[in-house]
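One structure is given below, encoded as structure tokens.
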Amino acid sequence: MSSISRYIGYLLIIGCLFSSCEKAIDLKLENAIPDYVIEGTISNEAGGAKVLISATKDFKDNNSFNGVSGAQVSIENNGTAYALTETSKGVYQAATLMGTPGGSYRLLVNLAGKNYTAHCTMPKAVTLDSIYVSQSKYDLNKDKVPRTFAVVKYKDPAGELNYYRFVQYLNNKKEKTLFAFNDEYTPGQTVNTILNYNNPNDDLSIDLKKGDNLTIEMQCIDAAVYKYFYSLDNGASGNGNNAAPSNPLTNIQGGALGYFSAYTTQRKTIKVP
């Protein structure tokens with residue numbers, strides 16, 4: 001047999017082997033026992049006391065809010081408990097309850113005969129000096145136009161640990177990217193932080209454009225809440241030391257997922273130039 005004929009014969013054998021290995025795999029994903037998810041907040045402004053309670057869903061289900069009714073929810077401060085009212089399924093609120101920087105708050109949830117609790121101390125406010133926009137030199141959209149990103153400017157206090165969360169709104173619509181930062185490398189400095197939002201599908205409708213209304217909310221959060229958002233951002237995508245997605249670190253006691261945050265808040269709005 002010539003070398004060419006022998007080579008063709010090898011290719012035919014390899015092709016048969018690969019074709020014989022093709023097999024449709026039916027993944028048998030078992031339905032998991034639902035967990036409760038508690039997302040509680042109290043801020044230094046009216047309307048900031050809100051608790052969302054939901055149940056986790058199976059892998060095949062949609063991502064709509066799966067609210068849970070019938071819980072008894074309260075927030076306690078200095079020995080006084082303030083009850084939250086269920087305003088819609090799984091949404092509990094106290095419209096006039098406000099927190100104070102430096103105050104310590106305790107979340108209490110009784111649901112289906114089981115208690116869930118969390119503690120959080122509201123940090124002092126750090127002033128959001130200004131927001132502006134900047135064009136990227138490297139991130140281009142599908143039309144080869146440089147993307148525009150929001151930049152937040154603030155002076156980090158010296159001599160203490162500080163943690164921040166920023167929420168971006170474009171034309172009054174909340175952007176989904178999680179922005180959580182600490183001052184490990186910027187203690188006591190004036191900080192200009194770029195909010196690099198995610199746009200994996202190259203959706204031009206969520207890009208910042210001239211004339212858009214851009215609002216940034218700055219939240220000063222505590223260390224436990226920072227760890228929650230940081231682990232949520234990294235663990236959900238399988239980043240960091242774990243290759244597989246994992247549950248974020250929670251400050252809720254009793255077995256539920258989620259977090260309880262007592263935070264200060266402030267906002268600034270500009271029109272994108």
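Every chain in the structure tokens has a letter given in the order shown (A, B, ...), and although residue numbers restart at 1 in each chain, ligands are simply numbered from 1 in the order shown.
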
Using DSSP on the backbone coordinates, identify the residues of range 136-218 of chain A assigned to strand (DSSP E); present them as a short mmCIF file (atom, residue, chain, number, x, y, z; two decimals) with all heavy atoms, in the first residue's frame.
data_model
loop_
_atom_site.label_atom_id
_atom_site.label_comp_id
_atom_site.auth_asym_id
_atom_site.auth_seq_id
_atom_site.Cartn_x
_atom_site.Cartn_y
_atom_site.Cartn_z
N SER A 136 -13.82 54.97 26.25
CA SER A 136 -12.77 53.96 26.32
C SER A 136 -11.92 53.98 25.05
O SER A 136 -12.42 54.21 23.96
CB SER A 136 -13.40 52.58 26.50
OG SER A 136 -12.42 51.57 26.39
N LYS A 137 -10.63 53.75 25.22
CA LYS A 137 -9.73 53.65 24.08
C LYS A 137 -9.71 52.25 23.49
O LYS A 137 -9.23 52.06 22.36
CB LYS A 137 -8.31 54.05 24.49
CG LYS A 137 -8.16 55.49 24.95
CD LYS A 137 -6.72 55.77 25.34
CE LYS A 137 -6.55 57.20 25.82
NZ LYS A 137 -5.14 57.48 26.23
N TYR A 138 -10.21 51.28 24.26
CA TYR A 138 -10.05 49.89 23.85
C TYR A 138 -11.37 49.15 23.64
O TYR A 138 -11.43 48.19 22.88
CB TYR A 138 -9.23 49.14 24.91
CG TYR A 138 -7.97 49.87 25.30
CD1 TYR A 138 -7.87 50.56 26.50
CD2 TYR A 138 -6.86 49.87 24.44
CE1 TYR A 138 -6.71 51.24 26.84
CE2 TYR A 138 -5.70 50.54 24.79
CZ TYR A 138 -5.63 51.22 25.99
OH TYR A 138 -4.49 51.89 26.32
N ASP A 139 -12.44 49.59 24.29
CA ASP A 139 -13.72 48.90 24.21
C ASP A 139 -14.59 49.55 23.13
O ASP A 139 -15.11 50.64 23.31
CB ASP A 139 -14.43 48.94 25.57
CG ASP A 139 -15.59 47.96 25.65
OD1 ASP A 139 -16.01 47.46 24.58
OD2 ASP A 139 -16.06 47.68 26.75
N LEU A 140 -14.75 48.85 22.00
CA LEU A 140 -15.53 49.36 20.89
C LEU A 140 -16.81 48.55 20.74
O LEU A 140 -16.82 47.33 20.99
CB LEU A 140 -14.74 49.29 19.58
CG LEU A 140 -13.34 49.92 19.57
CD1 LEU A 140 -12.71 49.74 18.19
CD2 LEU A 140 -13.39 51.39 19.94
N PRO A 146 -16.10 53.88 20.07
CA PRO A 146 -15.65 53.70 21.46
C PRO A 146 -16.83 53.80 22.43
O PRO A 146 -17.67 54.69 22.32
CB PRO A 146 -14.66 54.84 21.67
CG PRO A 146 -14.19 55.19 20.30
CD PRO A 146 -15.38 54.98 19.40
N ARG A 147 -16.90 52.89 23.38
CA ARG A 147 -17.96 52.93 24.37
C ARG A 147 -17.69 54.02 25.40
O ARG A 147 -16.56 54.35 25.71
CB ARG A 147 -18.08 51.57 25.07
CG ARG A 147 -18.85 50.54 24.27
CD ARG A 147 -19.43 49.46 25.17
NE ARG A 147 -20.42 48.69 24.44
CZ ARG A 147 -20.15 47.61 23.72
NH1 ARG A 147 -18.91 47.16 23.65
NH2 ARG A 147 -21.10 46.97 23.07
N THR A 148 -18.78 54.57 25.93
CA THR A 148 -18.72 55.60 26.95
C THR A 148 -19.11 55.00 28.29
O THR A 148 -20.09 54.25 28.37
CB THR A 148 -19.66 56.77 26.60
OG1 THR A 148 -19.25 57.34 25.35
CG2 THR A 148 -19.63 57.84 27.67
N PHE A 149 -18.35 55.32 29.33
CA PHE A 149 -18.61 54.78 30.66
C PHE A 149 -18.74 55.92 31.67
O PHE A 149 -18.12 56.98 31.52
CB PHE A 149 -17.48 53.84 31.10
CG PHE A 149 -17.36 52.60 30.26
CD1 PHE A 149 -16.47 52.55 29.21
CD2 PHE A 149 -18.15 51.49 30.52
CE1 PHE A 149 -16.35 51.42 28.42
CE2 PHE A 149 -18.05 50.36 29.74
CZ PHE A 149 -17.15 50.31 28.70
N ALA A 150 -19.52 55.68 32.71
CA ALA A 150 -19.65 56.63 33.81
C ALA A 150 -18.41 56.56 34.69
O ALA A 150 -17.82 55.50 34.89
CB ALA A 150 -20.90 56.34 34.62
N VAL A 151 -18.04 57.71 35.25
CA VAL A 151 -16.94 57.78 36.22
C VAL A 151 -17.45 58.49 37.47
O VAL A 151 -18.12 59.52 37.37
CB VAL A 151 -15.73 58.55 35.65
CG1 VAL A 151 -14.56 58.51 36.64
CG2 VAL A 151 -15.31 57.99 34.30
N VAL A 152 -17.17 57.90 38.63
CA VAL A 152 -17.58 58.51 39.90
C VAL A 152 -16.35 59.07 40.60
O VAL A 152 -15.27 58.47 40.60
CB VAL A 152 -18.29 57.48 40.82
CG1 VAL A 152 -19.60 57.05 40.20
CG2 VAL A 152 -17.42 56.26 41.08
N LYS A 153 -16.51 60.25 41.20
CA LYS A 153 -15.40 60.91 41.89
C LYS A 153 -15.80 61.18 43.34
O LYS A 153 -16.87 61.74 43.60
CB LYS A 153 -15.05 62.23 41.21
CG LYS A 153 -13.89 62.98 41.88
CD LYS A 153 -13.60 64.28 41.15
CE LYS A 153 -12.47 65.05 41.83
NZ LYS A 153 -12.19 66.34 41.15
N TYR A 154 -14.94 60.74 44.27
CA TYR A 154 -15.20 60.96 45.69
C TYR A 154 -13.87 60.92 46.44
O TYR A 154 -12.87 60.38 45.95
CB TYR A 154 -16.16 59.90 46.26
CG TYR A 154 -15.69 58.47 46.08
CD1 TYR A 154 -15.00 57.81 47.09
CD2 TYR A 154 -15.94 57.78 44.90
CE1 TYR A 154 -14.56 56.50 46.92
CE2 TYR A 154 -15.51 56.48 44.73
CZ TYR A 154 -14.82 55.84 45.74
OH TYR A 154 -14.39 54.54 45.57
N LYS A 155 -13.87 61.50 47.64
CA LYS A 155 -12.67 61.49 48.49
C LYS A 155 -12.85 60.42 49.56
O LYS A 155 -13.72 60.52 50.43
CB LYS A 155 -12.48 62.86 49.14
CG LYS A 155 -11.30 62.93 50.12
CD LYS A 155 -9.97 62.78 49.43
CE LYS A 155 -8.80 62.81 50.42
NZ LYS A 155 -8.72 64.06 51.18
N TYR A 163 -16.32 50.76 52.22
CA TYR A 163 -16.84 49.86 51.19
C TYR A 163 -17.99 50.57 50.47
O TYR A 163 -18.81 51.25 51.09
CB TYR A 163 -17.35 48.55 51.80
CG TYR A 163 -16.30 47.85 52.64
CD1 TYR A 163 -16.18 48.12 54.00
CD2 TYR A 163 -15.42 46.93 52.06
CE1 TYR A 163 -15.21 47.48 54.77
CE2 TYR A 163 -14.46 46.29 52.83
CZ TYR A 163 -14.36 46.58 54.18
OH TYR A 163 -13.40 45.95 54.93
N TYR A 164 -18.02 50.39 49.16
CA TYR A 164 -18.96 51.14 48.34
C TYR A 164 -19.68 50.22 47.35
O TYR A 164 -19.09 49.26 46.83
CB TYR A 164 -18.23 52.23 47.54
CG TYR A 164 -17.36 53.13 48.37
CD1 TYR A 164 -15.99 52.90 48.51
CD2 TYR A 164 -17.90 54.24 49.03
CE1 TYR A 164 -15.18 53.74 49.26
CE2 TYR A 164 -17.10 55.08 49.79
CZ TYR A 164 -15.74 54.83 49.90
OH TYR A 164 -14.94 55.66 50.64
N ARG A 165 -20.93 50.58 47.09
CA ARG A 165 -21.66 49.98 45.99
C ARG A 165 -22.25 51.12 45.15
O ARG A 165 -22.78 52.08 45.71
CB ARG A 165 -22.79 49.07 46.49
CG ARG A 165 -23.56 48.41 45.35
CD ARG A 165 -24.85 47.77 45.82
NE ARG A 165 -25.56 47.17 44.70
CZ ARG A 165 -26.85 46.87 44.69
NH1 ARG A 165 -27.59 47.11 45.77
NH2 ARG A 165 -27.42 46.33 43.63
N PHE A 166 -22.14 50.98 43.84
CA PHE A 166 -22.73 51.97 42.94
C PHE A 166 -23.79 51.30 42.08
O PHE A 166 -23.61 50.17 41.62
CB PHE A 166 -21.65 52.61 42.06
CG PHE A 166 -20.64 53.42 42.82
CD1 PHE A 166 -19.46 52.84 43.26
CD2 PHE A 166 -20.89 54.75 43.13
CE1 PHE A 166 -18.53 53.57 43.99
CE2 PHE A 166 -19.96 55.49 43.85
CZ PHE A 166 -18.78 54.90 44.28
N VAL A 167 -24.89 52.01 41.87
CA VAL A 167 -25.98 51.52 41.02
C VAL A 167 -26.17 52.53 39.90
O VAL A 167 -26.31 53.74 40.15
CB VAL A 167 -27.28 51.34 41.81
CG1 VAL A 167 -28.37 50.74 40.92
CG2 VAL A 167 -27.05 50.47 43.04
N GLN A 168 -26.16 52.05 38.68
CA GLN A 168 -26.27 52.93 37.51
C GLN A 168 -27.67 52.84 36.90
O GLN A 168 -28.21 51.75 36.72
CB GLN A 168 -25.22 52.54 36.47
CG GLN A 168 -25.28 53.33 35.18
CD GLN A 168 -24.11 53.03 34.25
OE1 GLN A 168 -22.96 53.22 34.61
NE2 GLN A 168 -24.41 52.54 33.06
N TYR A 169 -28.23 53.99 36.58
CA TYR A 169 -29.53 54.07 35.91
C TYR A 169 -29.36 54.83 34.61
O TYR A 169 -28.82 55.95 34.59
CB TYR A 169 -30.57 54.78 36.78
CG TYR A 169 -30.85 54.08 38.10
CD1 TYR A 169 -30.07 54.34 39.22
CD2 TYR A 169 -31.91 53.18 38.22
CE1 TYR A 169 -30.33 53.71 40.43
CE2 TYR A 169 -32.18 52.55 39.42
CZ TYR A 169 -31.39 52.82 40.52
OH TYR A 169 -31.64 52.19 41.72
N LEU A 170 -29.79 54.24 33.52
CA LEU A 170 -29.74 54.88 32.21
C LEU A 170 -31.17 55.17 31.77
O LEU A 170 -31.96 54.25 31.57
CB LEU A 170 -29.04 53.98 31.20
CG LEU A 170 -28.93 54.52 29.77
CD1 LEU A 170 -28.13 55.82 29.75
CD2 LEU A 170 -28.30 53.48 28.85
N LYS A 173 -33.70 53.51 33.91
CA LYS A 173 -33.70 52.05 33.92
C LYS A 173 -32.41 51.55 34.58
O LYS A 173 -31.31 51.95 34.20
CB LYS A 173 -33.79 51.50 32.50
CG LYS A 173 -33.90 49.98 32.44
CD LYS A 173 -34.08 49.48 31.02
CE LYS A 173 -34.19 47.96 30.98
NZ LYS A 173 -34.37 47.45 29.58
N LYS A 174 -32.56 50.69 35.56
CA LYS A 174 -31.42 50.20 36.34
C LYS A 174 -30.55 49.28 35.50
O LYS A 174 -31.03 48.37 34.83
CB LYS A 174 -31.93 49.45 37.58
CG LYS A 174 -30.82 48.95 38.50
CD LYS A 174 -31.43 48.26 39.71
CE LYS A 174 -30.35 47.71 40.64
NZ LYS A 174 -30.93 47.03 41.82
N PHE A 179 -21.51 46.85 40.87
CA PHE A 179 -20.32 47.67 41.09
C PHE A 179 -20.06 47.74 42.59
O PHE A 179 -20.75 48.47 43.31
CB PHE A 179 -20.52 49.08 40.54
CG PHE A 179 -20.88 49.14 39.09
CD1 PHE A 179 -22.16 49.53 38.68
CD2 PHE A 179 -19.96 48.82 38.10
CE1 PHE A 179 -22.50 49.61 37.35
CE2 PHE A 179 -20.29 48.89 36.75
CZ PHE A 179 -21.57 49.29 36.38
N ALA A 180 -19.12 46.98 43.10
CA ALA A 180 -18.77 46.98 44.52
C ALA A 180 -17.26 47.17 44.65
O ALA A 180 -16.48 46.48 43.99
CB ALA A 180 -19.21 45.69 45.19
N PHE A 181 -16.85 48.12 45.51
CA PHE A 181 -15.44 48.46 45.65
C PHE A 181 -15.08 48.64 47.12
O PHE A 181 -15.93 48.96 47.95
CB PHE A 181 -15.12 49.76 44.90
CG PHE A 181 -15.53 49.76 43.46
CD1 PHE A 181 -16.74 50.34 43.07
CD2 PHE A 181 -14.74 49.18 42.49
CE1 PHE A 181 -17.13 50.35 41.74
CE2 PHE A 181 -15.12 49.17 41.16
CZ PHE A 181 -16.32 49.76 40.78
N ASN A 182 -13.79 48.47 47.42
CA ASN A 182 -13.27 48.84 48.73
C ASN A 182 -12.12 49.82 48.55
O ASN A 182 -11.76 50.16 47.42
CB ASN A 182 -12.84 47.60 49.53
CG ASN A 182 -11.72 46.83 48.85
OD1 ASN A 182 -10.89 47.39 48.13
ND2 ASN A 182 -11.67 45.52 49.06
N THR A 190 -8.33 60.86 46.67
CA THR A 190 -9.43 61.23 45.78
C THR A 190 -9.52 60.17 44.70
O THR A 190 -8.53 59.88 44.01
CB THR A 190 -9.19 62.62 45.15
OG1 THR A 190 -9.18 63.60 46.19
CG2 THR A 190 -10.29 62.95 44.16
N VAL A 191 -10.69 59.57 44.57
CA VAL A 191 -10.86 58.40 43.72
C VAL A 191 -11.71 58.76 42.51
O VAL A 191 -12.74 59.42 42.62
CB VAL A 191 -11.53 57.25 44.51
CG1 VAL A 191 -11.68 56.01 43.62
CG2 VAL A 191 -10.72 56.92 45.76
N ASN A 192 -11.25 58.33 41.34
CA ASN A 192 -12.03 58.42 40.10
C ASN A 192 -12.18 57.00 39.57
O ASN A 192 -11.24 56.43 39.02
CB ASN A 192 -11.33 59.30 39.07
CG ASN A 192 -11.32 60.76 39.46
OD1 ASN A 192 -12.20 61.52 39.10
ND2 ASN A 192 -10.30 61.17 40.22
N THR A 193 -13.35 56.42 39.78
CA THR A 193 -13.58 55.02 39.43
C THR A 193 -14.49 54.91 38.22
O THR A 193 -15.59 55.48 38.19
CB THR A 193 -14.20 54.26 40.61
OG1 THR A 193 -13.28 54.26 41.71
CG2 THR A 193 -14.51 52.83 40.23
N ILE A 194 -14.04 54.15 37.22
CA ILE A 194 -14.85 53.91 36.01
C ILE A 194 -15.80 52.75 36.28
O ILE A 194 -15.41 51.70 36.81
CB ILE A 194 -13.95 53.58 34.82
CG1 ILE A 194 -13.02 54.75 34.51
CG2 ILE A 194 -14.79 53.24 33.59
CD1 ILE A 194 -12.02 54.47 33.40
N LEU A 195 -17.07 52.93 35.94
CA LEU A 195 -18.07 51.87 36.09
C LEU A 195 -18.20 51.14 34.76
O LEU A 195 -18.97 51.52 33.88
CB LEU A 195 -19.41 52.47 36.53
CG LEU A 195 -19.39 53.31 37.81
CD1 LEU A 195 -20.80 53.76 38.18
CD2 LEU A 195 -18.76 52.54 38.97
N ASN A 213 -30.02 60.41 29.93
CA ASN A 213 -30.00 60.79 31.35
C ASN A 213 -29.30 59.69 32.13
O ASN A 213 -29.74 58.53 32.13
CB ASN A 213 -31.41 60.99 31.87
CG ASN A 213 -32.04 62.26 31.34
OD1 ASN A 213 -31.40 63.31 31.29
ND2 ASN A 213 -33.30 62.19 30.94
N LEU A 214 -28.22 60.03 32.79
CA LEU A 214 -27.41 59.08 33.55
C LEU A 214 -27.50 59.41 35.03
O LEU A 214 -27.17 60.53 35.44
CB LEU A 214 -25.95 59.13 33.09
CG LEU A 214 -24.94 58.33 33.92
CD1 LEU A 214 -25.21 56.83 33.80
CD2 LEU A 214 -23.51 58.67 33.48
N THR A 215 -27.96 58.46 35.83
CA THR A 215 -28.03 58.63 37.28
C THR A 215 -27.16 57.58 37.94
O THR A 215 -27.22 56.40 37.59
CB THR A 215 -29.47 58.50 37.79
OG1 THR A 215 -30.28 59.52 37.22
CG2 THR A 215 -29.53 58.62 39.32
N ILE A 216 -26.36 58.00 38.91
CA ILE A 216 -25.54 57.08 39.70
C ILE A 216 -25.93 57.21 41.16
O ILE A 216 -25.95 58.32 41.71
CB ILE A 216 -24.03 57.37 39.55
CG1 ILE A 216 -23.60 57.29 38.07
CG2 ILE A 216 -23.22 56.41 40.41
CD1 ILE A 216 -23.76 55.91 37.45
N GLU A 217 -26.25 56.08 41.78
CA GLU A 217 -26.51 56.04 43.21
C GLU A 217 -25.26 55.48 43.90
O GLU A 217 -24.73 54.44 43.49
CB GLU A 217 -27.71 55.15 43.54
CG GLU A 217 -27.98 55.03 45.03
CD GLU A 217 -29.06 54.02 45.37
OE1 GLU A 217 -29.56 53.34 44.45
OE2 GLU A 217 -29.40 53.90 46.56
N MET A 218 -24.81 56.18 44.93
CA MET A 218 -23.66 55.74 45.71
C MET A 218 -24.15 55.24 47.06
O MET A 218 -24.82 55.96 47.79
CB MET A 218 -22.68 56.89 45.91
CG MET A 218 -21.46 56.54 46.76
SD MET A 218 -20.43 58.02 46.98
CE MET A 218 -18.99 57.33 47.81
#

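The closest residue to Pro101 in chain A, picked from A:Ile38, A:Cys220, A:Leu52, A:Ala46 and counting only C-alpha atoms, is A:Cys220.
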
Practice prompt. For CA of Met122 in chain A and CA of Ile252 in chain A, quote the distance in Å rounded to one decimal.
Written response: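 Computed distance, CA of Met122 in chain A to CA of Ile252 in chain A, equals 16.1 Å.
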
What's the 12 Å shell around Ala81 in chain A, counting only C-alpha atoms, without same-chain residues fewer than 2 positions away, as an mmCIF file with all heavy atoms, in the first residue's frame?
data_model
loop_
_atom_site.group_PDB
_atom_site.id
_atom_site.type_symbol
_atom_site.label_atom_id
_atom_site.label_comp_id
_atom_site.auth_asym_id
_atom_site.auth_seq_id
_atom_site.Cartn_x
_atom_site.Cartn_y
_atom_site.Cartn_z
ATOM 1 N N GLN A 72 -43.587 37.226 58.815
ATOM 2 C CA GLN A 72 -43.594 38.317 59.781
ATOM 3 C C GLN A 72 -42.201 38.948 59.748
ATOM 4 O O GLN A 72 -41.205 38.280 60.032
ATOM 5 C CB GLN A 72 -43.923 37.808 61.181
ATOM 6 C CG GLN A 72 -45.341 37.275 61.327
ATOM 7 C CD GLN A 72 -45.624 36.758 62.727
ATOM 8 O OE1 GLN A 72 -44.778 36.132 63.354
ATOM 9 N NE2 GLN A 72 -46.823 37.020 63.215
ATOM 10 N N VAL A 73 -42.149 40.223 59.389
ATOM 11 C CA VAL A 73 -40.866 40.886 59.147
ATOM 12 C C VAL A 73 -40.787 42.156 59.982
ATOM 13 O O VAL A 73 -41.740 42.940 60.038
ATOM 14 C CB VAL A 73 -40.708 41.236 57.653
ATOM 15 C CG1 VAL A 73 -39.356 41.900 57.397
ATOM 16 C CG2 VAL A 73 -40.865 39.993 56.786
ATOM 17 N N SER A 74 -39.652 42.364 60.624
ATOM 18 C CA SER A 74 -39.441 43.597 61.378
ATOM 19 C C SER A 74 -37.966 43.961 61.364
ATOM 20 O O SER A 74 -37.093 43.118 61.123
ATOM 21 C CB SER A 74 -39.936 43.469 62.824
ATOM 22 O OG SER A 74 -39.228 42.452 63.507
ATOM 23 N N ILE A 75 -37.694 45.235 61.610
ATOM 24 C CA ILE A 75 -36.326 45.738 61.760
ATOM 25 C C ILE A 75 -36.233 46.389 63.131
ATOM 26 O O ILE A 75 -37.064 47.224 63.497
ATOM 27 C CB ILE A 75 -35.980 46.739 60.645
ATOM 28 C CG1 ILE A 75 -35.940 46.028 59.289
ATOM 29 C CG2 ILE A 75 -34.621 47.404 60.927
ATOM 30 C CD1 ILE A 75 -35.668 46.948 58.117
ATOM 31 N N GLU A 76 -35.213 45.999 63.878
ATOM 32 C CA GLU A 76 -35.063 46.429 65.263
ATOM 33 C C GLU A 76 -33.883 47.377 65.413
ATOM 34 O O GLU A 76 -32.824 47.174 64.826
ATOM 35 C CB GLU A 76 -34.867 45.201 66.162
ATOM 36 C CG GLU A 76 -34.780 45.497 67.642
ATOM 37 C CD GLU A 76 -34.596 44.223 68.439
ATOM 38 O OE1 GLU A 76 -35.590 43.559 68.737
ATOM 39 O OE2 GLU A 76 -33.426 43.901 68.753
ATOM 40 N N ASN A 77 -34.085 48.430 66.214
ATOM 41 C CA ASN A 77 -33.021 49.385 66.515
ATOM 42 C C ASN A 77 -33.186 49.869 67.944
ATOM 43 O O ASN A 77 -34.263 50.324 68.334
ATOM 44 C CB ASN A 77 -33.063 50.559 65.532
ATOM 45 C CG ASN A 77 -32.113 51.673 65.887
ATOM 46 O OD1 ASN A 77 -32.532 52.780 66.180
ATOM 47 N ND2 ASN A 77 -30.824 51.381 65.874
ATOM 48 N N ASN A 78 -32.106 49.741 68.740
ATOM 49 C CA ASN A 78 -32.124 50.187 70.135
ATOM 50 C C ASN A 78 -33.298 49.604 70.919
ATOM 51 O O ASN A 78 -33.943 50.289 71.709
ATOM 52 C CB ASN A 78 -32.166 51.721 70.213
ATOM 53 C CG ASN A 78 -30.870 52.351 69.742
ATOM 54 O OD1 ASN A 78 -29.793 51.770 69.862
ATOM 55 N ND2 ASN A 78 -30.969 53.553 69.178
ATOM 56 N N GLY A 79 -33.576 48.323 70.672
ATOM 57 C CA GLY A 79 -34.604 47.625 71.433
ATOM 58 C C GLY A 79 -36.024 47.823 70.934
ATOM 59 O O GLY A 79 -36.963 47.224 71.468
ATOM 60 N N ALA A 83 -42.415 46.958 62.558
ATOM 61 C CA ALA A 83 -42.972 45.941 61.671
ATOM 62 C C ALA A 83 -43.044 46.449 60.240
ATOM 63 O O ALA A 83 -43.363 47.618 59.993
ATOM 64 C CB ALA A 83 -44.359 45.528 62.152
ATOM 65 N N LEU A 84 -42.748 45.564 59.286
ATOM 66 C CA LEU A 84 -42.879 45.871 57.869
ATOM 67 C C LEU A 84 -44.153 45.212 57.348
ATOM 68 O O LEU A 84 -44.498 44.098 57.740
ATOM 69 C CB LEU A 84 -41.675 45.367 57.069
ATOM 70 C CG LEU A 84 -40.437 46.297 57.046
ATOM 71 C CD1 LEU A 84 -39.826 46.428 58.442
ATOM 72 C CD2 LEU A 84 -39.394 45.783 56.056
ATOM 73 N N ALA A 94 -41.633 49.422 55.059
ATOM 74 C CA ALA A 94 -42.010 50.413 56.069
ATOM 75 C C ALA A 94 -41.651 51.764 55.473
ATOM 76 O O ALA A 94 -40.485 52.179 55.495
ATOM 77 C CB ALA A 94 -41.290 50.168 57.381
ATOM 78 N N LEU A 97 -39.787 54.482 57.694
ATOM 79 C CA LEU A 97 -38.668 54.088 58.553
ATOM 80 C C LEU A 97 -37.343 54.462 57.897
ATOM 81 O O LEU A 97 -37.052 54.078 56.764
ATOM 82 C CB LEU A 97 -38.721 52.579 58.821
ATOM 83 C CG LEU A 97 -37.615 52.009 59.721
ATOM 84 C CD1 LEU A 97 -37.615 52.682 61.090
ATOM 85 C CD2 LEU A 97 -37.785 50.490 59.861
ATOM 86 N N TYR A 105 -28.654 47.847 63.287
ATOM 87 C CA TYR A 105 -29.987 47.374 62.936
ATOM 88 C C TYR A 105 -30.003 45.851 62.850
ATOM 89 O O TYR A 105 -29.017 45.229 62.432
ATOM 90 C CB TYR A 105 -30.443 47.999 61.614
ATOM 91 C CG TYR A 105 -30.491 49.503 61.714
ATOM 92 C CD1 TYR A 105 -29.366 50.271 61.412
ATOM 93 C CD2 TYR A 105 -31.628 50.153 62.177
ATOM 94 C CE1 TYR A 105 -29.371 51.647 61.550
ATOM 95 C CE2 TYR A 105 -31.653 51.538 62.310
ATOM 96 C CZ TYR A 105 -30.518 52.270 62.002
ATOM 97 O OH TYR A 105 -30.536 53.629 62.151
ATOM 98 N N ARG A 106 -31.148 45.301 63.269
ATOM 99 C CA ARG A 106 -31.315 43.847 63.268
ATOM 100 C C ARG A 106 -32.574 43.498 62.480
ATOM 101 O O ARG A 106 -33.648 44.047 62.737
ATOM 102 C CB ARG A 106 -31.432 43.317 64.701
ATOM 103 C CG ARG A 106 -31.574 41.794 64.804
ATOM 104 C CD ARG A 106 -31.496 41.374 66.265
ATOM 105 N NE ARG A 106 -31.587 39.930 66.424
ATOM 106 C CZ ARG A 106 -32.534 39.307 67.100
ATOM 107 N NH1 ARG A 106 -33.487 40.006 67.721
ATOM 108 N NH2 ARG A 106 -32.541 37.988 67.201
ATOM 109 N N LEU A 107 -32.421 42.632 61.507
ATOM 110 C CA LEU A 107 -33.551 42.150 60.719
ATOM 111 C C LEU A 107 -34.073 40.854 61.332
ATOM 112 O O LEU A 107 -33.292 39.948 61.661
ATOM 113 C CB LEU A 107 -33.119 41.898 59.273
ATOM 114 C CG LEU A 107 -34.154 41.230 58.366
ATOM 115 C CD1 LEU A 107 -35.336 42.163 58.118
ATOM 116 C CD2 LEU A 107 -33.513 40.804 57.044
ATOM 117 N N LEU A 108 -35.392 40.770 61.498
ATOM 118 C CA LEU A 108 -36.021 39.565 62.030
ATOM 119 C C LEU A 108 -37.111 39.116 61.061
ATOM 120 O O LEU A 108 -38.004 39.899 60.711
ATOM 121 C CB LEU A 108 -36.635 39.809 63.408
ATOM 122 C CG LEU A 108 -35.715 40.324 64.507
ATOM 123 C CD1 LEU A 108 -35.820 41.847 64.619
ATOM 124 C CD2 LEU A 108 -36.064 39.697 65.848
ATOM 125 N N VAL A 109 -37.024 37.876 60.615
ATOM 126 C CA VAL A 109 -38.016 37.297 59.708
ATOM 127 C C VAL A 109 -38.470 35.970 60.276
ATOM 128 O O VAL A 109 -37.646 35.096 60.593
ATOM 129 C CB VAL A 109 -37.432 37.080 58.292
ATOM 130 C CG1 VAL A 109 -38.451 36.356 57.402
ATOM 131 C CG2 VAL A 109 -37.027 38.401 57.667
#

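With distances restricted to only C-alpha atoms, A:Tyr36 is the closest residue to Ala112 in chain A from A:Tyr92, A:Tyr132, A:Tyr36, A:Tyr185.
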
Practice prompt. Would you mind listing what lies within 10 Å of Ala256 in chain A as a list in words, with only C-alpha atoms counted and same-chain residues fewer than 6 positions away left out?
Written response: Asp35, Tyr36, Val37, Ile38, Glu39, Ile53, Ala55, Asn115, Tyr116, Thr117 and Thr250 of chain A

Practice prompt. Find the spatial neighbours of Leu161 in chain A, counting only C-alpha atoms, within a cut-off of 9 Å - ignore same-chain residues fewer than 2 positions away - and output them as a PyMOL selection string.
Written response: chain A and resi 157-159+163+182-184+187+223

Residues of the last selection are to be written out with C-alpha atoms, as a PDB file, in the first residue's frame.
ATOM      1  CA  PRO A 157     -11.680  59.020  54.242  1.00  0.00           C
ATOM      2  CA  ALA A 158      -8.260  58.186  55.686  1.00  0.00           C
ATOM      3  CA  GLY A 159      -7.655  55.884  58.633  1.00  0.00           C
ATOM      4  CA  TYR A 163     -16.845  49.861  51.190  1.00  0.00           C
ATOM      5  CA  ASN A 182     -13.274  48.840  48.731  1.00  0.00           C
ATOM      6  CA  ASP A 183     -10.470  51.263  49.557  1.00  0.00           C
ATOM      7  CA  GLU A 184      -7.674  48.724  49.939  1.00  0.00           C
ATOM      8  CA  PRO A 187      -7.149  54.979  51.497  1.00  0.00           C
ATOM      9  CA  ALA A 223     -17.808  44.772  55.051  1.00  0.00           C
TER      10      ALA A 223
END

Practice prompt. Once DSSP has gone over the backbone, tell me which residues of range 49-241 of chain A are in helix (DSSP H, G or I), as a PyMOL selection string.
Written response: chain A and resi 204-206+223-235
